[in-house]
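For reference, input_19.txt is printed below; it contains compact mmCIF, C-alpha atoms and all ligand atoms.
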```txt
# COMPACT_ATOMS: atom_id res chain seq x y z
CA LYS E 1 73.83 96.57 90.78
CA LYS E 2 77.39 96.66 92.08
CA ASN E 3 78.62 94.08 94.54
CA ILE E 4 81.04 95.75 96.94
CA ALA E 5 83.14 93.74 99.38
CA VAL E 6 85.06 94.96 102.41
CA MET E 7 88.01 93.21 104.03
CA THR E 8 90.39 93.87 106.94
CA SER E 9 94.00 92.76 106.58
CA GLY E 10 97.36 92.83 108.42
CA GLY E 11 97.47 93.72 112.13
CA ASP E 12 94.07 94.53 113.62
CA SER E 13 93.41 98.05 114.81
CA PRO E 14 90.60 99.72 116.76
CA GLY E 15 88.21 101.38 114.33
CA MET E 16 88.29 98.60 111.71
CA ASN E 17 84.79 97.57 112.79
CA ALA E 18 83.57 101.12 112.25
CA VAL E 19 84.94 100.84 108.71
CA VAL E 20 83.14 97.55 108.05
CA ARG E 21 79.86 98.95 109.39
CA ALA E 22 80.17 102.13 107.34
CA VAL E 23 81.04 100.32 104.11
CA VAL E 24 78.27 97.74 104.46
CA ARG E 25 75.57 100.30 105.28
CA THR E 26 76.73 102.91 102.72
CA ALA E 27 76.84 100.28 99.98
CA ILE E 28 73.30 99.18 100.82
CA HIS E 29 72.15 102.79 101.14
CA LEU E 30 73.48 103.51 97.65
CA GLY E 31 71.66 100.56 96.17
CA CYS E 32 74.56 98.10 96.03
CA ASN E 33 75.00 94.66 97.54
CA ALA E 34 77.46 94.54 100.43
CA TYR E 35 79.82 91.65 101.17
CA CYS E 36 82.49 90.93 103.76
CA VAL E 37 85.58 88.89 103.08
CA TYR E 38 86.44 87.15 106.34
CA GLU E 39 90.06 86.58 107.49
CA GLY E 40 91.73 89.01 105.08
CA TYR E 41 93.45 87.73 101.93
CA ARG E 42 93.33 84.21 103.33
CA GLY E 43 89.55 84.28 103.05
CA LEU E 44 89.76 85.67 99.55
CA VAL E 45 92.16 82.90 98.48
CA ILE E 46 90.10 80.11 100.10
CA GLY E 47 86.66 81.46 99.19
CA ARG E 48 84.80 78.45 100.54
CA ASP E 49 86.07 75.66 102.74
CA GLU E 50 84.01 72.65 101.66
CA GLU E 51 85.23 70.44 104.47
CA LYS E 52 84.25 72.89 107.21
CA GLN E 53 81.31 74.22 105.18
CA VAL E 54 82.52 77.79 105.73
CA ASP E 55 82.07 80.64 103.29
CA TYR E 56 84.71 83.32 103.66
CA ILE E 57 82.86 85.71 101.35
CA ARG E 58 79.43 86.52 102.73
CA GLN E 59 76.72 88.93 101.77
CA MET E 60 75.83 91.32 104.59
CA GLY E 61 72.56 92.96 105.50
CA TRP E 62 72.02 96.27 107.28
CA GLU E 63 71.46 94.57 110.66
CA ASP E 64 74.47 92.27 110.36
CA VAL E 65 76.79 95.07 111.43
CA ARG E 66 74.71 96.27 114.36
CA GLY E 67 76.91 96.97 117.41
CA TYR E 68 80.15 97.03 115.36
CA LEU E 69 80.92 100.67 116.04
CA SER E 70 82.06 100.36 119.63
CA LEU E 71 83.90 97.03 119.51
CA GLY E 72 87.68 96.64 119.30
CA GLY E 73 89.69 94.40 116.96
CA THR E 74 88.06 93.30 113.73
CA LEU E 75 84.95 91.15 113.90
CA ILE E 76 85.38 89.87 110.33
CA GLY E 77 88.87 88.65 111.18
CA THR E 78 92.25 89.42 109.69
CA ALA E 79 95.27 87.36 108.73
CA ARG E 80 98.68 87.41 107.14
CA CYS E 81 98.53 85.31 104.01
CA LYS E 82 101.64 83.88 102.35
CA GLU E 83 99.66 82.57 99.35
CA PHE E 84 98.64 86.07 98.28
CA PHE E 85 102.31 86.97 97.69
CA GLU E 86 102.31 84.30 94.96
CA ARG E 87 100.52 84.62 91.64
CA ASP E 88 98.84 81.31 92.22
CA GLY E 89 97.19 82.63 95.38
CA ARG E 90 96.06 85.78 93.57
CA LEU E 91 94.64 83.60 90.78
CA ARG E 92 92.55 81.72 93.31
CA ALA E 93 91.47 85.02 94.85
CA ALA E 94 90.43 86.39 91.45
CA ARG E 95 88.44 83.24 90.73
CA ASN E 96 86.61 83.55 94.06
CA MET E 97 85.81 87.18 93.38
CA VAL E 98 84.24 86.33 90.01
CA VAL E 99 82.38 83.28 91.30
CA ASN E 100 80.87 85.42 94.08
CA GLY E 101 80.14 88.28 91.69
CA ILE E 102 82.31 90.82 93.54
CA ASP E 103 83.26 93.75 91.31
CA ALA E 104 84.73 96.19 93.83
CA LEU E 105 86.89 95.70 96.90
CA ILE E 106 87.59 97.98 99.85
CA ILE E 107 90.55 96.96 101.95
CA CYS E 108 91.41 98.28 105.38
CA GLY E 109 94.97 97.46 106.40
CA GLY E 110 98.55 98.66 106.62
CA ASP E 111 100.92 99.53 103.78
CA GLY E 112 101.63 95.84 103.06
CA SER E 113 97.97 94.99 102.60
CA LEU E 114 97.41 98.04 100.42
CA THR E 115 100.46 97.25 98.28
CA GLY E 116 99.05 93.75 97.75
CA ALA E 117 95.73 95.32 96.75
CA ASP E 118 97.35 97.55 94.15
CA ARG E 119 99.24 94.59 92.73
CA PHE E 120 96.02 92.55 92.52
CA ARG E 121 94.27 95.37 90.68
CA ALA E 122 97.16 95.84 88.23
CA GLU E 123 97.27 92.12 87.45
CA TRP E 124 93.50 91.69 87.26
CA PRO E 125 93.08 91.47 83.45
CA SER E 126 95.91 88.95 83.12
CA LEU E 127 94.57 86.91 86.04
CA LEU E 128 91.19 86.63 84.30
CA GLU E 129 92.88 85.70 81.03
CA GLU E 130 94.83 82.94 82.72
CA LEU E 131 91.72 81.61 84.48
CA VAL E 132 89.93 81.41 81.13
CA SER E 133 92.87 79.84 79.29
CA LYS E 134 93.19 77.18 82.02
CA GLY E 135 89.49 76.44 81.76
CA ASP E 136 88.75 77.48 85.37
CA LEU E 137 86.26 80.09 84.20
CA THR E 138 84.51 80.73 80.90
CA LYS E 139 84.73 83.87 78.79
CA GLU E 140 81.07 84.56 79.57
CA GLN E 141 81.71 84.27 83.30
CA VAL E 142 84.53 86.82 83.31
CA ALA E 143 82.95 89.24 80.80
CA PRO E 144 81.17 91.43 83.41
CA PHE E 145 84.37 91.72 85.53
CA GLN E 146 86.82 93.35 83.14
CA HIS E 147 87.92 95.98 85.66
CA LEU E 148 88.50 95.62 89.35
CA ASN E 149 88.08 98.73 91.44
CA ILE E 150 89.93 98.76 94.70
CA VAL E 151 90.11 101.45 97.36
CA GLY E 152 92.31 101.37 100.46
CA LEU E 153 91.71 102.54 104.00
CA VAL E 154 94.64 102.77 106.33
CA GLY E 155 94.04 100.72 109.45
CA SER E 156 97.13 100.62 111.65
CA ILE E 157 97.93 101.59 115.21
CA ASP E 158 101.38 102.84 114.15
CA ASN E 159 100.26 105.94 112.23
CA ASP E 160 102.92 105.01 109.73
CA LEU E 161 101.57 106.00 106.32
CA SER E 162 102.65 109.22 104.63
CA GLY E 163 99.97 111.45 103.20
CA THR E 164 97.43 111.08 105.98
CA ASP E 165 97.41 112.78 109.35
CA ALA E 166 96.12 109.75 111.20
CA THR E 167 95.66 106.06 110.49
CA ILE E 168 92.58 104.30 111.86
CA GLY E 169 93.49 102.95 115.31
CA ALA E 170 96.47 105.16 116.13
CA TYR E 171 94.62 107.43 118.56
CA SER E 172 93.05 104.47 120.37
CA ALA E 173 96.48 102.89 120.88
CA LEU E 174 97.88 106.23 122.04
CA ALA E 175 95.04 106.66 124.54
CA ARG E 176 95.73 103.16 125.88
CA ILE E 177 99.46 103.89 126.23
CA CYS E 178 98.71 107.07 128.19
CA GLU E 179 96.31 105.22 130.45
CA MET E 180 98.89 102.49 131.14
CA VAL E 181 101.70 104.97 131.78
CA ASP E 182 99.43 106.80 134.25
CA TYR E 183 98.92 103.53 136.15
CA ILE E 184 102.64 102.83 136.17
CA GLU E 185 103.39 106.38 137.29
CA ALA E 186 101.38 105.89 140.46
CA THR E 187 103.73 103.08 141.50
CA ALA E 188 106.79 104.87 140.20
CA SER E 189 106.16 107.96 142.34
CA SER E 190 105.09 105.96 145.37
CA HIS E 191 108.38 104.05 145.40
CA SER E 192 110.68 106.59 143.69
CA ARG E 193 111.23 104.05 140.97
CA ALA E 194 112.27 104.28 137.37
CA PHE E 195 110.25 102.53 134.67
CA VAL E 196 111.39 101.68 131.18
CA ILE E 197 108.22 101.28 129.13
CA GLU E 198 108.41 99.57 125.77
CA VAL E 199 105.72 100.54 123.29
CA MET E 200 104.94 99.22 119.79
CA GLY E 201 106.65 100.72 116.75
CA ARG E 202 109.25 98.71 114.88
CA HIS E 203 109.72 101.27 112.14
CA CYS E 204 107.63 104.20 113.20
CA GLY E 205 107.99 106.01 116.53
CA TRP E 206 104.76 108.03 116.41
CA LEU E 207 103.14 106.14 119.30
CA ALA E 208 106.27 106.40 121.45
CA LEU E 209 106.80 110.08 120.65
CA MET E 210 103.22 111.15 121.22
CA GLY E 211 103.00 108.89 124.26
CA ALA E 212 106.09 110.57 125.72
CA VAL E 213 104.75 114.05 125.04
CA ALA E 214 101.33 113.18 126.46
CA THR E 215 102.69 111.62 129.67
CA GLY E 216 105.61 113.97 130.28
CA ALA E 217 108.17 111.16 130.03
CA ASP E 218 111.79 111.87 130.93
CA PHE E 219 113.54 110.26 127.98
CA LEU E 220 112.57 108.67 124.70
CA PHE E 221 113.96 106.30 122.08
CA ILE E 222 112.42 106.10 118.60
CA PRO E 223 113.63 104.55 115.32
CA GLU E 224 113.47 107.84 113.41
CA LYS E 225 115.93 109.52 115.75
CA PRO E 226 118.85 107.11 116.13
CA ARG E 227 120.77 107.98 119.25
CA GLU E 228 124.30 109.39 119.07
CA ASP E 229 127.23 107.50 120.59
CA ASN E 230 126.95 109.53 123.77
CA TRP E 231 123.30 108.56 124.43
CA LYS E 232 124.20 106.98 127.74
CA GLU E 233 125.80 110.16 129.09
CA GLU E 234 122.96 112.21 127.65
CA MET E 235 120.32 110.11 129.37
CA CYS E 236 122.17 110.09 132.70
CA GLN E 237 122.49 113.85 132.55
CA VAL E 238 118.79 114.29 131.96
CA ILE E 239 117.72 111.74 134.54
CA LYS E 240 119.09 112.87 137.81
CA THR E 241 119.11 110.69 140.89
CA GLY E 242 116.53 111.24 143.57
CA LYS E 243 113.55 112.05 141.36
CA ARG E 244 110.16 110.93 142.60
CA LYS E 245 109.52 109.10 139.38
CA THR E 246 111.39 108.42 136.19
CA ILE E 247 109.70 107.27 133.00
CA VAL E 248 111.64 106.27 129.89
CA ILE E 249 109.66 105.34 126.79
CA ILE E 250 111.29 103.14 124.19
CA ALA E 251 109.83 102.08 120.85
CA GLU E 252 110.43 98.46 119.77
CA GLY E 253 112.59 99.67 116.89
CA ALA E 254 114.89 101.97 118.91
CA LEU E 255 118.37 102.26 117.37
CA ASP E 256 121.70 103.97 117.76
CA ARG E 257 123.23 105.78 114.83
CA HIS E 258 125.15 102.67 113.76
CA GLY E 259 121.88 100.79 113.35
CA ASN E 260 122.34 98.74 116.51
CA LYS E 261 119.25 98.01 118.54
CA ILE E 262 118.82 99.79 121.87
CA THR E 263 116.88 97.46 124.15
CA PRO E 264 114.86 98.11 127.32
CA THR E 265 117.37 95.95 129.23
CA MET E 266 120.27 98.15 128.12
CA VAL E 267 118.40 101.21 129.33
CA LYS E 268 117.39 99.55 132.58
CA ASP E 269 120.95 98.40 133.34
CA LEU E 270 122.19 101.91 132.82
CA LEU E 271 119.56 103.48 135.05
CA ALA E 272 120.17 100.90 137.74
CA ASP E 273 123.96 100.97 137.80
CA GLY E 274 125.42 103.37 135.34
CA ASN E 275 127.28 106.50 136.40
CA GLY E 276 126.02 106.20 139.92
CA LEU E 277 122.30 106.66 139.10
CA GLY E 278 121.48 103.47 140.96
CA LEU E 279 117.74 103.76 140.42
CA ASP E 280 115.35 100.98 141.38
CA THR E 281 114.33 100.25 137.78
CA ARG E 282 111.65 98.02 136.24
CA ILE E 283 110.77 97.22 132.67
CA THR E 284 107.17 97.11 131.44
CA THR E 285 106.39 95.90 127.94
CA LEU E 286 102.92 97.14 127.04
CA GLY E 287 102.54 94.63 124.20
CA HIS E 288 99.14 93.81 122.77
CA VAL E 289 97.08 95.82 125.26
CA GLN E 290 98.00 98.70 122.96
CA ARG E 291 96.03 97.18 120.09
CA GLY E 292 93.07 95.90 122.04
CA GLY E 293 90.02 97.40 123.61
CA THR E 294 87.40 99.68 122.19
CA ALA E 295 88.13 102.41 119.69
CA VAL E 296 88.27 105.99 120.96
CA ALA E 297 85.73 108.43 119.53
CA TYR E 298 88.24 109.74 116.98
CA ASP E 299 88.80 106.30 115.43
CA ARG E 300 85.06 105.54 115.31
CA MET E 301 84.54 108.85 113.55
CA LEU E 302 87.50 108.36 111.21
CA GLY E 303 86.52 104.79 110.32
CA THR E 304 82.94 105.85 109.64
CA LEU E 305 83.66 108.96 107.56
CA GLN E 306 86.41 107.23 105.60
CA GLY E 307 84.29 104.11 105.08
CA VAL E 308 81.52 106.22 103.54
CA GLU E 309 84.04 107.96 101.29
CA ALA E 310 85.60 104.65 100.25
CA VAL E 311 82.27 103.38 98.88
CA LYS E 312 81.79 106.59 96.90
CA ALA E 313 85.37 106.38 95.62
CA VAL E 314 85.05 102.77 94.53
CA LEU E 315 81.82 103.57 92.66
CA GLU E 316 83.42 106.52 90.89
CA ALA E 317 86.71 104.81 90.04
CA THR E 318 87.43 104.05 86.39
CA PRO E 319 90.06 101.77 84.83
CA GLU E 320 92.13 104.88 84.14
CA THR E 321 92.20 106.19 87.73
CA GLU E 322 95.07 105.17 89.96
CA THR E 323 94.31 103.03 92.98
CA CYS E 324 93.48 105.48 95.74
CA PHE E 325 93.31 105.42 99.49
CA ILE E 326 91.23 107.56 101.79
CA ALA E 327 93.24 110.03 103.86
CA ILE E 328 92.55 112.71 106.41
CA THR E 329 94.51 115.89 105.83
CA GLU E 330 93.96 119.08 107.76
CA ASN E 331 90.74 117.58 109.07
CA LYS E 332 89.32 116.84 105.64
CA ILE E 333 88.58 113.39 104.29
CA THR E 334 90.31 113.13 100.91
CA ARG E 335 91.25 110.60 98.21
CA LYS E 336 94.94 110.20 97.38
CA PRO E 337 97.00 108.00 95.04
CA LEU E 338 97.93 104.94 97.05
CA MET E 339 101.31 103.91 95.69
CA ALA E 340 102.78 107.41 95.89
CA ALA E 341 102.02 107.40 99.63
CA VAL E 342 103.46 103.91 100.08
CA LYS E 343 106.63 104.93 98.22
CA GLU E 344 106.98 108.11 100.26
CA THR E 345 106.52 106.10 103.46
CA GLN E 346 109.34 103.76 102.45
CA GLU E 347 111.68 106.56 101.37
CA VAL E 348 111.23 109.09 104.12
CA ALA E 349 110.10 108.30 107.60
CA LYS E 350 106.93 110.17 108.42
CA LEU E 351 108.10 113.64 109.22
CA ILE E 352 108.89 114.39 112.82
CA ASP E 353 109.33 118.00 113.79
CA ALA E 354 112.58 117.70 115.78
CA GLN E 355 112.42 121.16 117.27
CA ARG E 356 108.87 120.79 118.56
CA PHE E 357 109.79 117.36 119.89
CA ASN E 358 112.78 118.70 121.84
CA GLU E 359 110.79 121.64 123.18
CA ALA E 360 108.03 119.36 124.43
CA MET E 361 110.44 116.85 125.98
CA ALA E 362 112.18 119.67 127.86
CA LEU E 363 109.05 120.08 129.99
CA ARG E 364 109.89 116.99 132.07
CA ASP E 365 109.81 117.10 135.89
CA THR E 366 113.14 117.96 137.49
CA GLU E 367 112.63 116.42 140.87
P1 LIG E 401 100.66 96.07 109.62
O1 LIG E 401 100.66 97.57 109.65
O2 LIG E 401 99.94 95.46 110.75
O3 LIG E 401 102.02 95.47 109.38
P2 LIG E 401 100.22 95.39 106.88
O4 LIG E 401 99.01 95.44 106.02
O5 LIG E 401 101.37 96.25 106.46
O6 LIG E 401 99.74 95.70 108.34
P3 LIG E 401 101.55 92.93 106.12
O7 LIG E 401 101.84 91.75 106.98
O8 LIG E 401 102.67 93.66 105.49
O9 LIG E 401 100.65 93.87 107.04
O10 LIG E 401 100.57 92.48 104.93
C1 LIG E 401 99.36 91.75 105.19
C2 LIG E 401 99.09 90.81 104.05
O11 LIG E 401 98.95 91.54 102.82
C3 LIG E 401 100.21 89.82 103.76
O12 LIG E 401 100.16 88.71 104.61
C4 LIG E 401 99.92 89.45 102.32
O13 LIG E 401 98.87 88.52 102.24
C5 LIG E 401 99.46 90.79 101.73
N1 LIG E 401 100.59 91.49 101.11
C6 LIG E 401 101.47 92.34 101.69
N2 LIG E 401 102.40 92.79 100.82
C7 LIG E 401 102.10 92.21 99.63
C8 LIG E 401 102.67 92.24 98.32
N3 LIG E 401 103.74 92.99 98.04
N4 LIG E 401 102.09 91.49 97.35
C9 LIG E 401 101.02 90.73 97.61
N5 LIG E 401 100.43 90.66 98.82
C10 LIG E 401 100.94 91.37 99.81
```

In C-alpha cells, what does this structure look like?
Amino acid sequence: KKNIAVMTSGGDSPGMNAVVRAVVRTAIHLGCNAYCVYEGYRGLVIGRDEEKQVDYIRQMGWEDVRGYLSLGGTLIGTARCKEFFERDGRLRAARNMVVNGIDALIICGGDGSLTGADRFRAEWPSLLEELVSKGDLTKEQVAPFQHLNIVGLVGSIDNDLSGTDATIGAYSALARICEMVDYIEATASSHSRAFVIEVMGRHCGWLALMGAVATGADFLFIPEKPREDNWKEEMCQVIKTGKRKTIVIIAEGALDRHGNKITPTMVKDLLADGNGLGLDTRITTLGHVQRGGTAVAYDRMLGTLQGVEAVKAVLEATPETETCFIAITENKITRKPLMAAVKETQEVAKLIDAQRFNEAMALRDTE
C-alpha cells in the first residue's frame, strides 16, 4: 500500500485546498494511505516538534478534508524554508519521510517549490546513503524507499509558469482585482478622479494585463513590456484631461527599458501635475486582498481535476520518468516534464500577444 503525502509551499493561492482535498480522497479511493505535510518544506524538515508535541506529517481520513473545497488560502499551511535550500535540511526531510513511511509526494506551489522538489528527488538515493552511513537510519529501514516519486501542481496567483494555460489561483486573484477596480471606479467617476492601482506581479504581468483588459483600464505597466523613454508623453497623450474616470493599472514589477522601476508615485505625480493634466489622483495598492478569499469555480475545478491526475501520475511514475507537473493546455489536463517548464519560464517570459493586447487596450473610454 502506497503512502502518498500532499504539501502546499511558497505563497498561498486560492484553490490549494481543493488540491489537498482531491489528493487525499483520490489516494484513499485508490487504496493508498493519504498524508498531509503541514507548513510546506518546514514541516517536512521538522517532522515532529517534541517540545510542542506537534506532528507536521499527519495521516488524513476522507472526512478530514470536508469543507476544504470552498475555503481560501491553504488550511494545511505553507512556508518559505531556508533549511531546505541546504543539503542538511533535505537530509532531515528525507529522514522524516522514511520514518513516516511516505513513498510519494505531491507538491502544490510555485516554480521555486517545484524546483526544490525536483532537486530533492534527484538527490534522494544519495540522501538515503548518507543517512545510513551516519547511522541515522538502518539499511533495512531505507530498503523499501529506494525511489521517491514526486509530482508538482502549480499553485500561484501570478499565472507565471510556462507550459500551462492557468496556474491554480490565478483566476481567483483576477476576479478579486476586477471586483476591487469596479469599487474604485464608482468613486473615480463620481469625483472625476484618476486612480493608479498597483496589483501583484513582480516578474509576471498576467494579472495586471488581464485585469486591465477586463476592467477597461486606460493605461498599463507590466514587467514584460518595459516602457520606452517617452512613456510619460505616451501616457499623457492617451489620458486626456476632463475624463469622468481614469484608471491606470501598474504591476509591482513595472520597468522602463533601462530596467529602472516605474512606481505608482511616479505615475501619480505625472497625472497630477505633468503636462497640464492636473488630475485629482489617488493611489490604491490592492496588496494581499488579491490572494485571499474563496476560490472561484475555475480554481476549484482546476485544483480538483489536477489533484486527481497528480495521484494517478505519482502512482504511475517510475525511477526513469522525469519529474512531471500537471498542466492544463487547451482545456485538457496533462502531464508535462517539470524542469523544462521551469527553464522555459526563466528564459522567456510567458508569451504575451502584443497585438491583441494593444487592440484590447485601445477600447478605453475617451471621455
Ligand atoms: P511563489 O510563486 O509564491 O513565489 P514559490 O514556490 O516559487 O512560490 P519560493 O519562495 O521560491 O516560492 O520557494 C518556496 C520554498 O521552496 C523555499 O522557501 C524553499 O524551501 C524551497 N525551494 C525553492 N527553491 C529551491 C531550490 N532551488 N532548492 C531547494 N529548495 C528550494

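Note that the spacing between CA of Ala313 (chain E) and CA of Leu174 (chain E) amounts to 29.2 Å.
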
Using all atoms listed in the file, determine which residues lie at most 7 Å from region 182-199 of chain E, disregarding the query and same-chain residues fewer than 3 positions distant; provide the list as a PDB file with C-alpha atoms, in the frame of the given file.
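File produced: selection00.pdb:
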```pdb
ATOM      1  CA  CYS E 178      98.710 107.070 128.190  1.00  0.00           C
ATOM      2  CA  GLU E 179      96.310 105.220 130.450  1.00  0.00           C
ATOM      3  CA  ALA E 208     106.270 106.400 121.450  1.00  0.00           C
ATOM      4  CA  LYS E 243     113.550 112.050 141.360  1.00  0.00           C
ATOM      5  CA  ARG E 244     110.160 110.930 142.600  1.00  0.00           C
ATOM      6  CA  LYS E 245     109.520 109.100 139.380  1.00  0.00           C
ATOM      7  CA  THR E 246     111.390 108.420 136.190  1.00  0.00           C
ATOM      8  CA  ILE E 247     109.700 107.270 133.000  1.00  0.00           C
ATOM      9  CA  VAL E 248     111.640 106.270 129.890  1.00  0.00           C
ATOM     10  CA  ILE E 249     109.660 105.340 126.790  1.00  0.00           C
ATOM     11  CA  ILE E 250     111.290 103.140 124.190  1.00  0.00           C
ATOM     12  CA  ALA E 251     109.830 102.080 120.850  1.00  0.00           C
ATOM     13  CA  GLU E 252     110.430  98.460 119.770  1.00  0.00           C
ATOM     14  CA  PRO E 264     114.860  98.110 127.320  1.00  0.00           C
ATOM     15  CA  LYS E 268     117.390  99.550 132.580  1.00  0.00           C
ATOM     16  CA  LEU E 279     117.740 103.760 140.420  1.00  0.00           C
ATOM     17  CA  ASP E 280     115.350 100.980 141.380  1.00  0.00           C
ATOM     18  CA  THR E 281     114.330 100.250 137.780  1.00  0.00           C
ATOM     19  CA  ARG E 282     111.650  98.020 136.240  1.00  0.00           C
ATOM     20  CA  ILE E 283     110.770  97.220 132.670  1.00  0.00           C
ATOM     21  CA  THR E 284     107.170  97.110 131.440  1.00  0.00           C
ATOM     22  CA  THR E 285     106.390  95.900 127.940  1.00  0.00           C
ATOM     23  CA  LEU E 286     102.920  97.140 127.040  1.00  0.00           C
ATOM     24  CA  GLY E 287     102.540  94.630 124.200  1.00  0.00           C
TER      25      GLY E 287
END
```

Practice task
Would you mind telling me which residue in E:Pro125, E:Gly293, E:Gly155, E:Pro319 lies nearest to ligand LIG 401 (chain E) when using all atoms listed in the file?
Solution key: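 Looking only at the distances to ligand LIG 401 (chain E), the closest residue turns out to be E:Gly155.
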
Problem - Selection as a VMD selection string: residues within 9 Å of ligand LIG 401 (chain E) by all atoms listed in the file - result: chain E and resid 8 to 13 40 to 42 78 to 87 90 108 to 120 154 to 160

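Considering the residues E:Met7, E:Asn33, E:Asp256, E:Pro337 and counting only C-alpha atoms, Asn230 (chain E) has its shortest atom-to-atom contact with E:Asp256.
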
Exercise for the section: Could you please determine the separation between CA of His258 (chain E) and CA of Lys240 (chain E) in Å, to one decimal place? Expected result: 26.8 Å

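We find CA of Gly205 (chain E) and CA of Pro14 (chain E) to be spaced 18.5 Å apart.
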
Problem - Residue nearest Arg92 (chain E) among E:Met339, E:Ile106, E:Leu127, E:Met60 (counting only C-alpha atoms) - result: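 For Arg92 (chain E), the nearest of the candidates is E:Leu127.
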